[in-house]
Amino acid sequence: LSGRVYGRRWLVLLLFSLLGFAQGLVWNSWGPIQNSARQAFGFSGWDIALLVFWGPIGFAPCFFFMWLMDKKGLRVTVLLTSSLMVLGAGLRCVPVSDIEVRKKLIHGGQLLNGLAGPTVMNAAPFLSTTWFSPDERATATAIASLLNYLGAAGAFLVGPLIVPSPNGTSYLLLVSQSNTEHIKDRIEAVLYAEFGMVSLIFSAALAYFPSRPPFPPSVAAASQRLSYRRSFCRLLSNFRFLMIALAYAIPLGVFSGWSGVLDLILTPVHVSQVDAGWIGFWSIVGGCVVGIAMARFADFIRGMLKFILLLLLSGATLASTWFTLTCLTSVTHLPLTTATLYTSCILLGIFLNSSVPIFFELFVETVYPVPEGITCGVVTFLSNVFMGVLLFFLTFYHTEFSWFNWCLPGSCLLSLLLIMCFRESYDRLYLDVVVSV
């Protein structure tokens, strides 16, 4: 009863990963260039926070997308998601001279892009189970889920490199007459390029993105799953699942909100927009590389997910404590240099981002036979709730950030304690190994 794998699984994975990459890139367009955007479009600090906030708000219909994936499969869900993204990216490009209308269109575009979030964040374990054999699943989940983060990292690079900041500092163009019109043209160039990229991915998915392979790759992929309603009852009544769901949602929700406004947090300690961009970029890229390596390790040595998470979260707790104490330089007298800020932020990003695919695999193993999309949907919905609450507080307390920095080590430590108390089980893996033999 062994399954069949198809070479085209890599093409399906590539298309889905590119979609996730584009969604992350569009979501994070504004944070890294917030100073320039304020000058070009007259955005206020509240506007910038809201542009980031549309991401978690887009998770409101999360359960509809999970239902769609469960009932109609991947193709329908991916096409709906990518069409929302095309529409959103297109709205941001509409050339209206009235600046207030233009601002509303940009906000609308960000919201539509946010609505694509549930699919690109949740579908990775569903895709890996549907197309990949048990010894490739964690790796496929890691690639599919982490490319969304890599897109967000790309925005840290693309924005500050192409768009000059208001004081005329830019890497590629040392513009002396860095006037508002010039900055606006540059931002529009980025918006058009992103629209083109999203449209290309949508066309490719329309041309070829099958719902599932002709034959399933494993026993678990072929087995019957619980219904939508029973799945929710099973998840909400499973104490072990709720424990690790919180262990994932709290630190990752806090970290997502924090990295979304990293530029705002680092401005008081005199870090430039470009440096904040590089810090954000390297922390996410490092997380993606380490995450895929960890997932590959988990595929080789099965049954080690809890151990890997304990290592990663211990590292995250130490790195976030170091960063927070460094920012309180008047109290702690720790050296506040670009090097220490870079190192602590990048280590924090590496430890937290690389834990995402490991968490996803652990959720699915813990509550199997609940469908993967539903399991991960509940969890990412939770993490977006925490991120939303945090950004909501940020709109009121945005003059002083030390409380925000303390949320990081606190959330990592809480997560570490929850995982220590968690008893792991591998129901899906057991089925594949035992029944296949």
# chains A, B, ... in the order shown; residues from 1 in each chain; ligands from 1
$ closest_atom_pairs --of "range 78-158 of chain A" --to "range 214-224 of chain A" --cutoff "12 Å" --atoms "only C-alpha atoms" --output "tab-separated table"
residue	atom	partner	partner_atom	distance
A:Pro125	CA	A:Ala221	CA	11.1
A:Phe126	CA	A:Ala221	CA	9.2
A:Leu127	CA	A:Ala221	CA	10.1
A:Ser128	CA	A:Ala221	CA	9.4
A:Thr129	CA	A:Ala221	CA	5.7
A:Thr130	CA	A:Ala221	CA	5.6
A:Trp131	CA	A:Pro217	CA	6.0
A:Phe132	CA	A:Pro217	CA	5.8
A:Ser133	CA	A:Pro217	CA	5.2
A:Pro134	CA	A:Ser218	CA	6.8
A:Asp135	CA	A:Ser218	CA	10.2
A:Glu136	CA	A:Pro217	CA	10.5
A:Arg137	CA	A:Pro217	CA	10.3
$ atom_distance --atom1 "CA of Arg92 in chain A" --atom2 "CA of Ser383 in chain A"
27.0 Å
$ closest_residue --among "A:Gly291, A:Gly277, A:Gly159, A:Pro166" --to "Thr139 in chain A" --atoms "only C-alpha atoms"
A:Gly291
$ closest_atom_pairs --of "range 81-142 of chain A" --to "range 182-186 of chain A" --cutoff "12 Å" --atoms "only C-alpha atoms" --output "JSON lines"
{"residue": "A:Cys93", "atom": "CA", "partner": "A:Asp185", "partner_atom": "CA", "distance": 11.4}
{"residue": "A:Pro95", "atom": "CA", "partner": "A:Asp185", "partner_atom": "CA", "distance": 11.2}
{"residue": "A:Ile99", "atom": "CA", "partner": "A:Lys184", "partner_atom": "CA", "distance": 11.5}
$ atom_distance --atom1 "CA of Ala138 in chain A" --atom2 "CA of Ala295 in chain A"
5.1 Å
$ residues_around --residues "range 334-341 of chain A" --least-positions-apart "4" --cutoff "12 Å" --atoms "only C-alpha atoms" --output "JSON, numbers by chain"
{"A": [262, 265, 266, 269, 270, 271, 272, 275, 276, 278, 279, 280, 283, 319, 320, 321, 322, 323, 324, 325, 326, 327, 328, 329, 330, 345, 346, 347, 348]}
$ select_by_dssp --residues "range 107-331 of chain A" --states "alpha helix (DSSP H)" --output "number ranges by chain"
A: 107-115, 117-122, 124-131, 137-162, 180-207, 219-222, 228-236, 239-260, 262-266, 273-300, 305-327, 329-331
$ residues_around --residues "Arg225 in chain A" --least-positions-apart "4" --cutoff "10 Å" --atoms "only C-alpha atoms" --output "PyMOL selection string"
chain A and resi 70+220-221+230-231+368-372
$ residues_around --residues "Met69 in chain A" --least-positions-apart "5" --cutoff "9 Å" --atoms "only C-alpha atoms" --output "PyMOL selection string"
chain A and resi 64+74-78+119+123+126+373-374
$ closest_residue --among "A:Phe396, A:Phe307, A:Phe156, A:Tyr149" --to "Leu416 in chain A" --atoms "only C-alpha atoms"
A:Phe307
$ closest_residue --among "A:Gly388, A:Gly377, A:Pro409, A:Gly151" --to "Ser17 in chain A" --atoms "only C-alpha atoms"
A:Gly151
$ residues_around --residues "Gly24 in chain A" --least-positions-apart "4" --cutoff "8 Å" --atoms "only C-alpha atoms" --output "CSV table (one decimal) with N, CA, C and O atoms, in the first residue's frame"
chain,number,residue,atom,x,y,z
A,20,GLY,N,3.1,32.7,-2.2
A,20,GLY,CA,3.4,33.1,-0.8
A,20,GLY,C,4.4,34.2,-0.8
A,20,GLY,O,4.3,35.2,0.0
A,28,ASN,N,4.3,43.7,3.0
A,28,ASN,CA,5.4,44.5,3.7
A,28,ASN,C,5.9,45.6,2.9
A,28,ASN,O,7.0,46.2,3.2
A,148,ASN,N,6.7,32.8,2.1
A,148,ASN,CA,5.9,33.9,2.4
A,148,ASN,C,6.7,35.0,3.3
A,148,ASN,O,6.7,36.2,3.0
A,149,TYR,N,7.5,34.4,4.2
A,149,TYR,CA,8.4,35.3,5.1
A,149,TYR,C,9.5,35.9,4.2
A,149,TYR,O,9.9,37.0,4.5
A,150,LEU,N,10.0,35.1,3.3
A,150,LEU,CA,11.1,35.6,2.4
A,150,LEU,C,10.6,36.7,1.6
A,150,LEU,O,11.4,37.7,1.3
A,151,GLY,N,9.3,36.7,1.2
A,151,GLY,CA,8.7,37.8,0.4
A,151,GLY,C,8.7,39.1,1.3
A,151,GLY,O,9.1,40.2,0.8
A,152,ALA,N,8.3,38.9,2.5
A,152,ALA,CA,8.3,40.0,3.4
A,152,ALA,C,9.7,40.6,3.6
A,152,ALA,O,10.0,41.8,3.7
A,153,ALA,N,10.7,39.7,3.6
A,153,ALA,CA,12.1,40.1,3.7
A,153,ALA,C,12.6,40.8,2.5
A,153,ALA,O,13.3,41.8,2.6
$ atom_distance --atom1 "CA of Ala40 in chain A" --atom2 "CA of Leu87 in chain A"
22.9 Å
$ residues_around --residues "Ser203 in chain A" --least-positions-apart "6" --cutoff "10 Å" --atoms "only C-alpha atoms" --output "VMD selection string"
chain A and resid 79 82 to 83
